[in-house]
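Next up, coords-v2.txt (compact mmCIF, C-alpha atoms):
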# COMPACT_ATOMS: atom_id res chain seq x y z
CA MET A 417 -12.02 2.06 -14.86
CA ARG A 418 -15.63 1.96 -13.70
CA PHE A 419 -16.99 2.14 -10.17
CA ARG A 420 -18.42 -1.36 -10.45
CA ASP A 421 -14.91 -2.69 -11.11
CA ILE A 422 -13.71 -1.41 -7.72
CA ILE A 423 -13.44 -3.94 -4.89
CA GLY A 424 -15.64 -2.86 -1.98
CA HIS A 425 -16.07 0.78 -0.85
CA ARG A 426 -19.72 0.71 -1.91
CA GLU A 427 -20.90 3.27 0.65
CA LEU A 428 -18.07 5.65 -0.24
CA ILE A 429 -18.73 5.29 -3.96
CA GLY A 430 -22.44 5.90 -3.34
CA ASN A 431 -21.61 9.18 -1.61
CA MET A 432 -19.38 10.20 -4.52
CA ILE A 433 -22.17 9.49 -6.99
CA LYS A 434 -24.66 11.52 -4.93
CA ALA A 435 -22.26 14.47 -4.80
CA VAL A 436 -21.81 14.43 -8.58
CA SER A 437 -25.56 14.15 -9.14
CA ALA A 438 -26.12 17.14 -6.86
CA GLY A 439 -23.44 19.15 -8.65
CA ARG A 440 -21.22 19.29 -5.55
CA ILE A 441 -17.81 18.40 -6.99
CA PRO A 442 -14.93 19.79 -4.91
CA HIS A 443 -12.18 21.05 -7.20
CA ALA A 444 -9.41 19.43 -5.13
CA GLN A 445 -9.86 16.08 -3.40
CA LEU A 446 -7.32 14.03 -1.48
CA LEU A 447 -7.94 10.27 -1.50
CA TRP A 448 -5.78 8.83 1.26
CA GLY A 449 -5.33 5.55 3.06
CA PRO A 450 -2.99 2.59 3.46
CA GLU A 451 -1.31 0.70 0.62
CA GLY A 452 -3.36 -1.76 -1.40
CA ASN A 453 -6.84 -0.29 -0.91
CA GLU A 454 -7.78 0.80 -4.46
CA LYS A 455 -7.14 4.57 -4.01
CA LEU A 456 -5.75 5.19 -7.47
CA ALA A 457 -8.34 2.94 -9.11
CA LEU A 458 -11.06 4.85 -7.29
CA ALA A 459 -9.65 8.18 -8.51
CA LEU A 460 -9.60 6.94 -12.11
CA ALA A 461 -13.16 5.57 -11.87
CA TYR A 462 -14.32 8.88 -10.42
CA ALA A 463 -12.64 10.85 -13.22
CA GLN A 464 -14.29 8.64 -15.83
CA TYR A 465 -17.71 8.91 -14.16
CA VAL A 466 -17.61 12.69 -13.88
CA ASN A 467 -16.96 13.04 -17.61
CA CYS A 468 -19.22 10.27 -18.93
CA PRO A 469 -22.07 11.85 -20.94
CA HIS A 470 -24.18 8.67 -20.87
CA LYS A 471 -24.16 7.56 -17.23
CA LEU A 472 -26.08 4.38 -16.50
CA THR A 473 -28.55 3.85 -13.66
CA ALA A 474 -29.28 0.67 -11.74
CA GLY A 475 -32.48 0.21 -13.76
CA GLU A 476 -30.57 0.12 -17.03
CA ALA A 477 -27.80 -2.34 -16.20
CA ASP A 478 -26.35 -4.54 -13.46
CA LEU A 479 -24.07 -2.11 -11.63
CA ASN A 480 -22.99 -4.43 -8.83
CA GLY A 481 -25.20 -2.76 -6.25
CA LEU A 482 -24.44 0.85 -7.25
CA PRO A 483 -27.12 3.43 -8.13
CA SER A 484 -25.17 4.76 -11.13
CA ASP A 485 -21.93 4.32 -13.07
CA SER A 486 -20.16 5.40 -16.25
CA CYS A 487 -21.31 3.59 -19.36
CA GLY A 488 -17.88 2.27 -20.38
CA GLN A 489 -18.89 2.43 -24.06
CA CYS A 490 -18.88 6.07 -25.12
CA PRO A 491 -15.76 7.65 -26.71
CA SER A 492 -14.97 9.47 -23.45
CA CYS A 493 -15.09 6.29 -21.35
CA LEU A 494 -13.03 4.31 -23.84
CA LYS A 495 -10.29 6.93 -23.76
CA PHE A 496 -10.38 7.16 -19.96
CA GLU A 497 -10.15 3.38 -19.63
CA LYS A 498 -7.06 3.38 -21.84
CA LEU A 499 -5.69 6.41 -19.93
CA VAL A 500 -5.24 8.32 -23.20
CA HIS A 501 -7.92 11.00 -22.83
CA PRO A 502 -6.42 14.39 -23.77
CA ASP A 503 -7.99 16.00 -20.68
CA LEU A 504 -6.59 13.41 -18.26
CA HIS A 505 -3.18 14.39 -16.88
CA PHE A 506 -0.90 12.53 -14.48
CA ILE A 507 1.84 13.60 -12.09
CA TYR A 508 3.84 11.02 -10.11
CA PRO A 509 7.28 10.68 -8.47
CA ASN A 510 10.12 10.23 -10.95
CA ASN A 511 13.82 10.68 -11.54
CA ALA A 512 16.42 10.12 -14.24
CA ASN A 513 17.15 6.48 -15.04
CA GLY A 514 20.67 7.01 -16.35
CA GLY A 515 19.67 5.58 -19.72
CA SER A 516 17.08 7.12 -22.00
CA ILE A 517 16.47 9.84 -19.39
CA LYS A 518 19.82 11.04 -18.12
CA LYS A 519 18.72 14.18 -16.25
CA ASP A 520 15.92 16.69 -15.68
CA SER A 521 13.18 14.06 -15.68
CA ARG A 522 9.48 14.81 -15.42
CA SER A 523 6.34 12.72 -15.21
CA LEU A 524 5.61 13.05 -18.92
CA ASP A 525 8.87 11.23 -19.72
CA TYR A 526 7.46 8.06 -18.17
CA ILE A 527 3.86 8.27 -19.37
CA GLU A 528 4.04 5.07 -21.44
CA GLU A 529 5.50 3.10 -18.51
CA TRP A 530 2.85 4.62 -16.25
CA ARG A 531 -0.03 3.65 -18.52
CA SER A 532 1.33 0.14 -19.01
CA LEU A 533 1.70 -0.46 -15.27
CA CYS A 534 -1.74 0.96 -14.48
CA LEU A 535 -3.46 -1.14 -17.11
CA ALA A 536 -1.54 -4.31 -16.26
CA THR A 537 -2.32 -4.08 -12.53
CA ASP A 538 -5.79 -2.49 -12.63
CA ALA A 539 -4.17 0.60 -11.08
CA GLU A 540 -3.10 -1.24 -7.93
CA PHE A 541 0.67 -1.25 -7.42
CA SER A 542 3.18 -0.15 -4.81
CA PHE A 543 5.61 2.74 -4.81
CA ASN A 544 8.52 0.29 -5.10
CA GLN A 545 6.91 -1.37 -8.12
CA TRP A 546 6.74 2.02 -9.81
CA VAL A 547 10.38 2.77 -8.95
CA GLU A 548 11.42 -0.58 -10.42
CA THR A 549 9.34 0.08 -13.55
CA MET A 550 11.16 3.37 -14.16
CA GLY A 551 14.51 1.66 -13.63
CA ILE A 552 15.97 4.54 -11.62
CA GLY A 553 17.91 2.28 -9.26
CA ASN A 554 18.65 3.90 -5.90
CA ARG A 555 17.79 7.41 -7.07
CA GLN A 556 15.05 9.05 -5.02
CA ALA A 557 11.74 9.40 -6.84
CA ILE A 558 10.13 12.79 -6.18
CA ILE A 559 7.65 15.20 -7.71
CA ASN A 560 9.95 17.97 -8.89
CA ILE A 561 9.74 21.55 -10.11
CA ARG A 562 9.42 20.40 -13.73
CA ASP A 563 6.30 18.48 -12.77
CA CYS A 564 4.86 21.64 -11.20
CA HIS A 565 5.56 23.51 -14.44
CA GLN A 566 3.90 20.65 -16.33
CA ILE A 567 0.79 21.13 -14.21
CA THR A 568 0.71 24.84 -14.98
CA GLU A 569 1.15 24.20 -18.71
CA ALA A 570 -1.53 21.51 -18.83
CA LEU A 571 -4.07 23.64 -17.00
CA SER A 572 -3.35 26.73 -19.10
CA LEU A 573 -5.04 24.99 -22.05
CA LYS A 574 -8.77 24.71 -22.50
CA ALA A 575 -10.42 21.33 -22.14
CA SER A 576 -10.45 19.73 -25.56
CA GLU A 577 -13.25 17.19 -25.10
CA ALA A 578 -14.20 16.52 -21.48
CA ARG A 579 -16.50 18.43 -19.20
CA TYR A 580 -13.75 18.47 -16.55
CA ARG A 581 -10.01 18.52 -16.98
CA ILE A 582 -8.61 15.95 -14.56
CA LEU A 583 -5.21 16.11 -12.92
CA VAL A 584 -4.30 12.97 -10.94
CA VAL A 585 -1.32 13.47 -8.62
CA TRP A 586 -0.18 10.10 -7.27
CA MET A 587 1.83 10.06 -4.02
CA ILE A 588 1.51 13.81 -3.47
CA GLU A 589 3.60 13.41 -0.29
CA LYS A 590 6.64 13.02 -2.57
CA LEU A 591 6.33 16.67 -3.57
CA SER A 592 9.43 18.55 -2.44
CA PRO A 593 8.46 21.10 0.26
CA SER A 594 10.75 23.70 -1.30
CA ILE A 595 8.61 23.85 -4.45
CA ALA A 596 5.16 23.24 -2.97
CA SER A 597 4.40 26.96 -3.06
CA THR A 598 4.25 26.81 -6.87
CA LEU A 599 1.09 24.68 -6.60
CA LEU A 600 -0.73 26.55 -3.86
CA LYS A 601 -2.34 29.24 -6.01
CA THR A 602 -3.31 26.68 -8.66
CA LEU A 603 -4.94 24.49 -6.01
CA GLU A 604 -6.72 27.40 -4.39
CA GLU A 605 -7.89 29.16 -7.55
CA PRO A 606 -7.91 26.64 -10.41
CA GLU A 607 -9.26 27.30 -13.86
CA PRO A 608 -13.00 26.57 -14.24
CA GLN A 609 -13.99 22.92 -14.75
CA THR A 610 -10.69 21.64 -13.37
CA LEU A 611 -10.57 18.73 -10.95
CA PHE A 612 -7.54 17.79 -8.86
CA LEU A 613 -7.48 14.21 -7.57
CA LEU A 614 -4.58 13.77 -5.15
CA VAL A 615 -3.67 10.27 -3.96
CA SER A 616 -1.63 9.64 -0.82
CA GLU A 617 -0.60 6.91 1.60
CA ASN A 618 0.93 9.28 4.17
CA PRO A 619 -1.07 12.52 4.44
CA ASP A 620 0.89 13.47 7.57
CA GLN A 621 3.87 14.05 5.23
CA ILE A 622 1.93 16.55 3.10
CA LEU A 623 2.35 20.25 3.81
CA PRO A 624 -0.58 21.69 5.84
CA THR A 625 -0.96 24.48 3.26
CA ILE A 626 -1.79 21.86 0.62
CA LEU A 627 -4.03 19.83 2.92
CA SER A 628 -6.04 22.93 3.77
CA ARG A 629 -6.90 23.39 0.09
CA THR A 630 -8.32 19.90 -0.42
CA GLN A 631 -11.30 17.87 0.67
CA MET A 632 -9.84 14.82 2.40
CA ILE A 633 -11.52 11.48 1.70
CA LYS A 634 -10.29 8.54 3.75
CA ILE A 635 -10.18 5.27 1.84
CA PRO A 636 -10.27 2.44 4.41
CA ARG A 637 -8.65 -0.96 4.18
CA LEU A 638 -10.54 -3.59 2.25
CA ALA A 639 -12.55 -6.08 4.28
CA THR A 640 -11.36 -9.68 4.48
CA GLU A 641 -14.63 -10.82 2.90
CA GLU A 642 -14.15 -8.45 -0.05
CA ILE A 643 -10.63 -9.69 -0.75
CA THR A 644 -11.79 -13.30 -0.34
CA ALA A 645 -14.55 -12.86 -2.94
CA TYR A 646 -12.12 -11.10 -5.30
CA LEU A 647 -9.51 -13.86 -5.04
CA GLU A 648 -12.10 -16.57 -5.66
CA LYS A 649 -13.31 -14.77 -8.79
CA LYS A 650 -9.90 -13.59 -10.03
CA THR A 651 -7.79 -16.69 -9.38
CA GLY A 652 -10.40 -19.44 -9.09
CA MET A 653 -8.96 -20.63 -5.78
CA GLU A 654 -11.10 -22.43 -3.24
CA GLU A 655 -12.89 -20.44 -0.56
CA HIS A 656 -10.84 -21.68 2.41
CA ALA A 657 -7.55 -20.86 0.67
CA ALA A 658 -8.81 -17.43 -0.37
CA LYS A 659 -9.95 -16.73 3.20
CA GLU A 660 -6.55 -17.68 4.58
CA ILE A 661 -4.71 -15.36 2.19
CA ALA A 662 -7.23 -12.54 2.68
CA ALA A 663 -6.82 -12.74 6.45
CA ALA A 664 -3.02 -12.75 6.14
CA SER A 665 -3.10 -9.68 3.85
CA ALA A 666 -4.66 -7.48 6.59
CA GLY A 667 -6.81 -5.59 4.08
CA ASN A 668 -3.95 -5.00 1.63
CA LEU A 669 -4.90 -6.17 -1.86
CA LEU A 670 -1.28 -5.97 -3.03
CA SER A 671 -0.21 -8.31 -0.26
CA ALA A 672 -3.04 -10.71 -1.08
CA LEU A 673 -2.12 -10.84 -4.76
CA SER A 674 1.55 -11.26 -3.94
CA LEU A 675 0.73 -14.10 -1.56
CA CYS A 676 -1.27 -15.79 -4.31
CA ALA A 677 1.57 -15.41 -6.80
CA ASN A 678 4.10 -16.65 -4.26
CA SER A 679 2.09 -19.30 -2.44
CA GLU A 680 5.10 -21.61 -2.28
CA THR A 681 7.22 -18.79 -0.89
CA ARG A 682 4.62 -18.09 1.78
CA LYS A 683 4.83 -21.70 2.96
CA ASN A 684 8.47 -21.06 3.76
CA PHE A 685 7.82 -17.86 5.73
CA HIS A 686 7.10 -19.72 8.95
CA GLU A 687 10.26 -21.82 8.75
CA ASP A 688 12.34 -18.75 7.93
CA PHE A 689 10.88 -16.88 10.90
CA ALA A 690 11.50 -19.81 13.22
CA THR A 691 15.08 -20.14 11.97
CA TRP A 692 15.67 -16.43 12.43
CA MET A 693 14.39 -16.45 16.01
CA ARG A 694 16.51 -19.48 16.91
CA LEU A 695 19.63 -17.75 15.56
CA CYS A 696 18.78 -14.61 17.54
CA PHE A 697 18.20 -16.70 20.64
CA LYS A 698 21.69 -18.22 20.27
CA VAL A 699 23.18 -14.83 19.24
CA ASP A 700 24.91 -16.49 16.29
CA MET A 701 26.06 -13.31 14.56
CA ALA A 702 27.83 -15.00 11.65
CA ALA A 703 24.67 -16.97 10.81
CA LEU A 704 22.51 -13.87 11.35
CA ILE A 705 24.57 -11.82 8.88
CA ALA A 706 24.26 -14.65 6.36
CA PHE A 707 20.49 -14.74 7.01
CA SER A 708 20.29 -10.96 6.41
CA GLU A 709 22.11 -11.27 3.09
CA LYS A 710 19.84 -14.11 1.99
CA ALA A 711 16.72 -12.16 2.96
CA SER A 712 18.00 -9.10 1.08
CA ALA A 713 18.39 -11.11 -2.12
CA ALA A 714 14.66 -11.97 -2.09
CA GLY A 715 13.71 -8.43 -3.18
CA ARG A 716 12.00 -5.61 -1.33
CA GLU A 717 8.39 -6.65 -1.94
CA ASN A 718 8.95 -10.26 -0.86
CA LEU A 719 10.92 -9.09 2.18
CA LYS A 720 8.11 -6.73 3.19
CA LEU A 721 5.67 -9.62 2.93
CA PHE A 722 7.98 -11.79 5.03
CA LEU A 723 8.24 -9.14 7.75
CA GLN A 724 4.47 -8.67 7.73
CA ASN A 725 4.13 -12.42 8.13
CA CYS A 726 6.56 -12.21 11.07
CA LEU A 727 4.18 -9.74 12.72
CA GLU A 728 1.38 -12.25 12.31
CA GLU A 729 3.58 -14.97 13.83
CA LEU A 730 4.28 -12.72 16.81
CA GLN A 731 0.57 -12.02 17.18
CA ALA A 732 -0.09 -15.77 17.16
CA CYS A 733 2.57 -16.25 19.86
CA LEU A 734 0.99 -13.51 21.99
CA LEU A 735 -2.46 -15.07 21.63
CA THR A 736 -0.97 -18.44 22.56
CA ALA A 737 0.70 -16.92 25.63
CA ASN A 738 -2.66 -15.47 26.69
CA HIS A 739 -4.56 -18.73 26.00
CA CYS A 740 -6.62 -17.18 23.19
CA THR A 741 -5.94 -19.84 20.59
CA ARG A 742 -9.48 -20.33 19.33
CA TRP A 743 -8.81 -17.69 16.64
CA LEU A 744 -5.76 -19.56 15.39
CA HIS A 745 -5.68 -22.36 12.82
CA PRO A 746 -2.07 -23.56 12.84
CA SER A 747 -0.45 -26.57 11.30
CA GLY A 748 1.38 -29.00 13.57
CA ASN A 749 4.77 -27.32 13.13
CA GLU A 750 3.32 -23.86 13.69
CA ARG A 751 1.51 -24.93 16.86
CA THR A 752 4.65 -26.40 18.40
CA PHE A 753 6.75 -23.35 17.58
CA TRP A 754 4.14 -20.88 18.82
CA GLU A 755 3.78 -22.75 22.10
CA ASN A 756 7.54 -22.75 22.66
CA PHE A 757 8.26 -19.22 21.49
CA SER A 758 5.25 -17.70 23.28
CA LYS A 759 7.34 -17.81 26.49
CA TYR A 760 9.38 -14.95 25.06
CA VAL A 761 6.45 -12.84 23.85
CA ASP A 762 4.37 -11.03 26.45
CA ASN A 763 2.11 -8.02 26.85
CA GLN A 764 5.11 -5.80 27.61
CA ASN A 765 7.67 -6.64 24.93
CA ILE A 766 5.15 -7.12 22.11
CA HIS A 767 5.30 -3.35 21.61
CA GLN A 768 9.06 -3.56 21.09
CA TYR A 769 8.64 -6.36 18.55
CA TYR A 770 5.92 -4.50 16.66
CA LYS A 771 7.83 -1.21 16.54
CA LEU A 772 10.97 -2.98 15.36
CA PHE A 773 9.23 -4.80 12.50
CA ASN A 774 7.03 -1.88 11.44
CA ASP A 775 9.98 0.50 11.41
CA ALA A 776 11.89 -1.97 9.24
CA ILE A 777 9.00 -2.30 6.77
CA PHE A 778 8.80 1.49 6.54
CA ALA A 779 12.57 1.81 6.00
CA ILE A 780 12.52 -0.83 3.27
CA SER A 781 9.61 0.96 1.57
CA ARG A 782 11.72 4.12 1.59
CA ASN A 783 14.55 2.32 -0.24
CA GLY A 784 16.74 1.88 2.83
CA HIS A 785 19.83 -0.35 2.66
CA VAL A 786 18.25 -3.77 3.22
CA PRO A 787 21.26 -5.74 4.57
CA SER A 788 21.91 -3.05 7.18
CA ILE A 789 18.23 -2.93 8.16
CA MET A 790 18.06 -6.71 8.60
CA THR A 791 21.33 -6.90 10.55
CA ASP A 792 20.24 -4.10 12.89
CA MET A 793 16.93 -5.89 13.41
CA SER A 794 18.73 -9.13 14.29
CA MET A 795 20.87 -7.39 16.89
CA GLU A 796 17.83 -5.74 18.47
CA LEU A 797 15.96 -9.06 18.47
CA CYS A 798 18.91 -10.64 20.28
CA ARG A 799 18.57 -7.98 22.97
CA ILE A 800 14.79 -8.36 23.31
CA LEU A 801 15.03 -12.15 23.53
CA ASP A 802 17.85 -12.00 26.08
CA THR A 803 15.79 -9.67 28.27
CA ALA A 804 12.80 -12.03 27.99
CA ARG A 805 15.01 -15.01 28.82
CA GLN A 806 16.41 -13.30 31.94
CA LYS A 807 12.92 -12.36 33.03
CA LEU A 808 11.78 -15.95 32.59
CA LYS A 809 14.68 -17.25 34.68
CA LYS A 810 13.76 -14.94 37.55
CA GLN A 811 10.17 -16.15 37.48
CA MET A 812 10.97 -19.86 37.48
CA PRO A 813 12.15 -20.23 41.16
CA ALA A 814 9.16 -18.32 42.42
CA THR A 815 6.83 -20.49 40.37
CA ALA A 816 8.47 -23.69 41.61
CA GLY A 817 8.23 -22.54 45.22
CA GLY A 818 4.59 -21.72 44.80
CA HIS A 819 3.81 -25.28 43.69
CA ASP A 820 5.48 -26.72 46.75
Would you mind writing the structure in this file as structure tokens?
Amino acid sequence: MRFRDIIGHRELIGNMIKAVSAGRIPHAQLLWGPEGNEKLALALAYAQYVNCPHKLTAGEADLNGLPSDSCGQCPSCLKFEKLVHPDLHFIYPNNANGGSIKKDSRSLDYIEEWRSLCLATDAEFSFNQWVETMGIGNRQAIINIRDCHQITEALSLKASEARYRILVVWMIEKLSPSIASTLLKTLEEPEPQTLFLLVSENPDQILPTILSRTQMIKIPRLATEEITAYLEKKTGMEEHAAKEIAAASAGNLLSALSLCANSETRKNFHEDFATWMRLCFKVDMAALIAFSEKASAAGRENLKLFLQNCLEELQACLLTANHCTRWLHPSGNERTFWENFSKYVDNQNIHQYYKLFNDAIFAISRNGHVPSIMTDMSMELCRILDTARQKLKKQMPATAGGHD
């Protein structure tokens, strides 16, 4: 992975390159930010750049606007790009899969699956995708004590080829707090020429003692324009379609790619949302339970996309209620629904809607029981809509009297 292959983040990459050129390479760095923003890819590109003996400059090659980059041709770069360099080590959440790995799993047991997934996705995949790749079912994926011992063993050896030994720890927040102390001394006083690259989506879940030993680098969401340009180049889709998907992805490259792969599914999101809200409005519990079961069968990733789309629908309804429709580009069916449903979305209850949907997305990401999550959501939506309906009824007489 080279810096010029990364989508966006040009200013951040430029600062990384300057730090390396000046010899200021912090031994432990935490790259953190939301899902789908190229964190892991950036860590891999940085590892390859640091160890490339034949770095290129902008005068030597087209580096996509960057002042320098790894050459991508030397033996070191070729091994890093295939993720097989002997001085590149990985730690990631894992567990036994009940098959080939029945117990006492560690990251090294899944290294082939890890490499395959990284290479197939350009190092951009979700936690749930990784769990599904391992095939561990409902077992919780964590970084365990055996992984900590693996770190100690790997770093006890001298670097065989590279200038820096690299240890990439993906989803460091999955490290069990009870064993975190085994890493503290290693993080604080590593062997010379050792570089820790920690990757996280939720740094608030990382122990403060670990955070204090790292340099935190925030990786922001990708810009809509950056995702648009990527989709046009990657998929060959027309600009207006790429813009629509990029805007819907909210800076999440994974969401954008999933929307491209499931364009037909996305067309049904609006109708599914409208159906769901009508059932909640009527408090049809039998139909709502059936809806929850159907939604659960779609899979976690598709369901997360659907719920994110629901948030966008609610935003559109709120904008409609506040007469701010110039930012919206609905179809005829969407416009009619938004105008009707906007009566039940206001500046007060929008916070309830948003919390409900965001909490559900988080719970699904954490492998929560999907049918229960969806049923609980439906019941809460019934309550929110009933409150909005009662509020609307109280306002109607006063409005009518005012017109008289």
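Pairwise distance (CA of Ile559 in chain A, CA of Leu456 in chain A) equals 16.7 Å.
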(request) Excluding Cys534 in chain A and residues on its chain fewer than 5 positions from it, collect all residues at most 12 Å away from it, counting all atoms listed in the file, and give them as a PyMOL selection string. (result) chain A and resi 417+454+456-457+460+496-500+506+527-529+539-542+545-546+549+586
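In terms of minimum interatomic distance to Leu797 in chain A, A:Phe697 ranks closest within A:Phe778, A:Trp530, A:Phe707, A:Phe697, counting all atoms listed in the file.
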(message) as a VMD selection string, please: the residues near Ile582 in chain A (cut-off 8 Å, only C-alpha atoms, same-chain neighbours under 6 positions excluded).
(response) chain A and resid 463 503 to 505 610 to 613
Mind checking which residues fall within 12 Å of range 429-433 of chain A, counting all atoms listed in the file, ignoring those fewer than 2 positions away in the same chain, and posting them as a PDB file with C-alpha atoms, in the coordinates of the input?
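Contents of part.pdb, freshly written:
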ATOM      1  CA  ARG A 418     -15.630   1.960 -13.700  1.00  0.00           C
ATOM      2  CA  PHE A 419     -16.990   2.140 -10.170  1.00  0.00           C
ATOM      3  CA  ARG A 420     -18.420  -1.360 -10.450  1.00  0.00           C
ATOM      4  CA  ASP A 421     -14.910  -2.690 -11.110  1.00  0.00           C
ATOM      5  CA  ILE A 422     -13.710  -1.410  -7.720  1.00  0.00           C
ATOM      6  CA  ILE A 423     -13.440  -3.940  -4.890  1.00  0.00           C
ATOM      7  CA  GLY A 424     -15.640  -2.860  -1.980  1.00  0.00           C
ATOM      8  CA  HIS A 425     -16.070   0.780  -0.850  1.00  0.00           C
ATOM      9  CA  ARG A 426     -19.720   0.710  -1.910  1.00  0.00           C
ATOM     10  CA  GLU A 427     -20.900   3.270   0.650  1.00  0.00           C
ATOM     11  CA  ALA A 435     -22.260  14.470  -4.800  1.00  0.00           C
ATOM     12  CA  VAL A 436     -21.810  14.430  -8.580  1.00  0.00           C
ATOM     13  CA  SER A 437     -25.560  14.150  -9.140  1.00  0.00           C
ATOM     14  CA  ALA A 438     -26.120  17.140  -6.860  1.00  0.00           C
ATOM     15  CA  GLY A 439     -23.440  19.150  -8.650  1.00  0.00           C
ATOM     16  CA  ARG A 440     -21.220  19.290  -5.550  1.00  0.00           C
ATOM     17  CA  ILE A 441     -17.810  18.400  -6.990  1.00  0.00           C
ATOM     18  CA  PRO A 442     -14.930  19.790  -4.910  1.00  0.00           C
ATOM     19  CA  GLN A 445      -9.860  16.080  -3.400  1.00  0.00           C
ATOM     20  CA  LEU A 447      -7.940  10.270  -1.500  1.00  0.00           C
ATOM     21  CA  GLU A 454      -7.780   0.800  -4.460  1.00  0.00           C
ATOM     22  CA  LYS A 455      -7.140   4.570  -4.010  1.00  0.00           C
ATOM     23  CA  ALA A 457      -8.340   2.940  -9.110  1.00  0.00           C
ATOM     24  CA  LEU A 458     -11.060   4.850  -7.290  1.00  0.00           C
ATOM     25  CA  ALA A 459      -9.650   8.180  -8.510  1.00  0.00           C
ATOM     26  CA  ALA A 461     -13.160   5.570 -11.870  1.00  0.00           C
ATOM     27  CA  TYR A 462     -14.320   8.880 -10.420  1.00  0.00           C
ATOM     28  CA  ALA A 463     -12.640  10.850 -13.220  1.00  0.00           C
ATOM     29  CA  GLN A 464     -14.290   8.640 -15.830  1.00  0.00           C
ATOM     30  CA  TYR A 465     -17.710   8.910 -14.160  1.00  0.00           C
ATOM     31  CA  VAL A 466     -17.610  12.690 -13.880  1.00  0.00           C
ATOM     32  CA  LYS A 471     -24.160   7.560 -17.230  1.00  0.00           C
ATOM     33  CA  LEU A 472     -26.080   4.380 -16.500  1.00  0.00           C
ATOM     34  CA  THR A 473     -28.550   3.850 -13.660  1.00  0.00           C
ATOM     35  CA  LEU A 479     -24.070  -2.110 -11.630  1.00  0.00           C
ATOM     36  CA  ASN A 480     -22.990  -4.430  -8.830  1.00  0.00           C
ATOM     37  CA  GLY A 481     -25.200  -2.760  -6.250  1.00  0.00           C
ATOM     38  CA  LEU A 482     -24.440   0.850  -7.250  1.00  0.00           C
ATOM     39  CA  PRO A 483     -27.120   3.430  -8.130  1.00  0.00           C
ATOM     40  CA  SER A 484     -25.170   4.760 -11.130  1.00  0.00           C
ATOM     41  CA  ASP A 485     -21.930   4.320 -13.070  1.00  0.00           C
ATOM     42  CA  SER A 486     -20.160   5.400 -16.250  1.00  0.00           C
ATOM     43  CA  ILE A 633     -11.520  11.480   1.700  1.00  0.00           C
ATOM     44  CA  LYS A 634     -10.290   8.540   3.750  1.00  0.00           C
ATOM     45  CA  ILE A 635     -10.180   5.270   1.840  1.00  0.00           C
TER      46      ILE A 635
END
(request) Compile the contact shell of Ala804 in chain A as a ChimeraX atom specification: residues with an atom at most 8 Å away, counting all atoms listed in the file, same-chain residues fewer than 3 positions apart removed. (result) /A:760-761,800-801,807-808
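Considering the residues A:His739, A:Lys518, A:Lys650, A:His470 and counting all atoms listed in the file, Gly551 in chain A has its shortest atom-to-atom contact with A:Lys518.
Distance-wise, CA of Thr625 in chain A and CA of Leu638 in chain A end up 29.7 Å apart.
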(request) May I ask for the distance between CA of His656 in chain A and CA of Ile643 in chain A, given in Å to one decimal place? (result) 12.4 Å
(request) Check the smallest atom-to-atom distance from each of A:Arg531, A:Ala596, A:Ile622, A:Val547 to Cys564 in chain A using all atoms listed in the file, then report the winner. (result) A:Ala596
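Nearest to Glu605 in chain A of all the residues A:Leu695, A:Gly475, A:His443, A:Pro509 is A:His443, counting only C-alpha atoms.
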(message) Please list as an MDAnalysis selection string every residue within 7 Å of Thr630 in chain A, counting all atoms listed in the file and excluding residues in the same chain fewer than 2 positions away.
(response) chainID A and resid 444:446 626:628 632
(message) Taking only C-alpha atoms into account, name the residue in A:Cys493, A:Cys487, A:Ile552, A:Ala711 that is nearest to Lys519 in chain A.
(response) A:Ile552
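When all atoms listed in the file are used to measure the gap to Ser781 in chain A, the shortest distance among A:Glu451, A:Asp802, A:Glu604, A:Asp478 belongs to A:Glu451.
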(request) Around the point (3.5, 13.7, 4.5) in the file's coordinates, collect all residues with an atom within 10 Å, using only C-alpha atoms, and return them as a count of residues only. (result) 16
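Residues with any atom within 8 Å of the point (4.1, -19.6, 24.8), counting all atoms listed in the file, are Cys733, Leu734, Thr736, Ala737, Trp754, Glu755, Asn756, Phe757, Ser758, Lys759, Tyr760 and Val761 of chain A.
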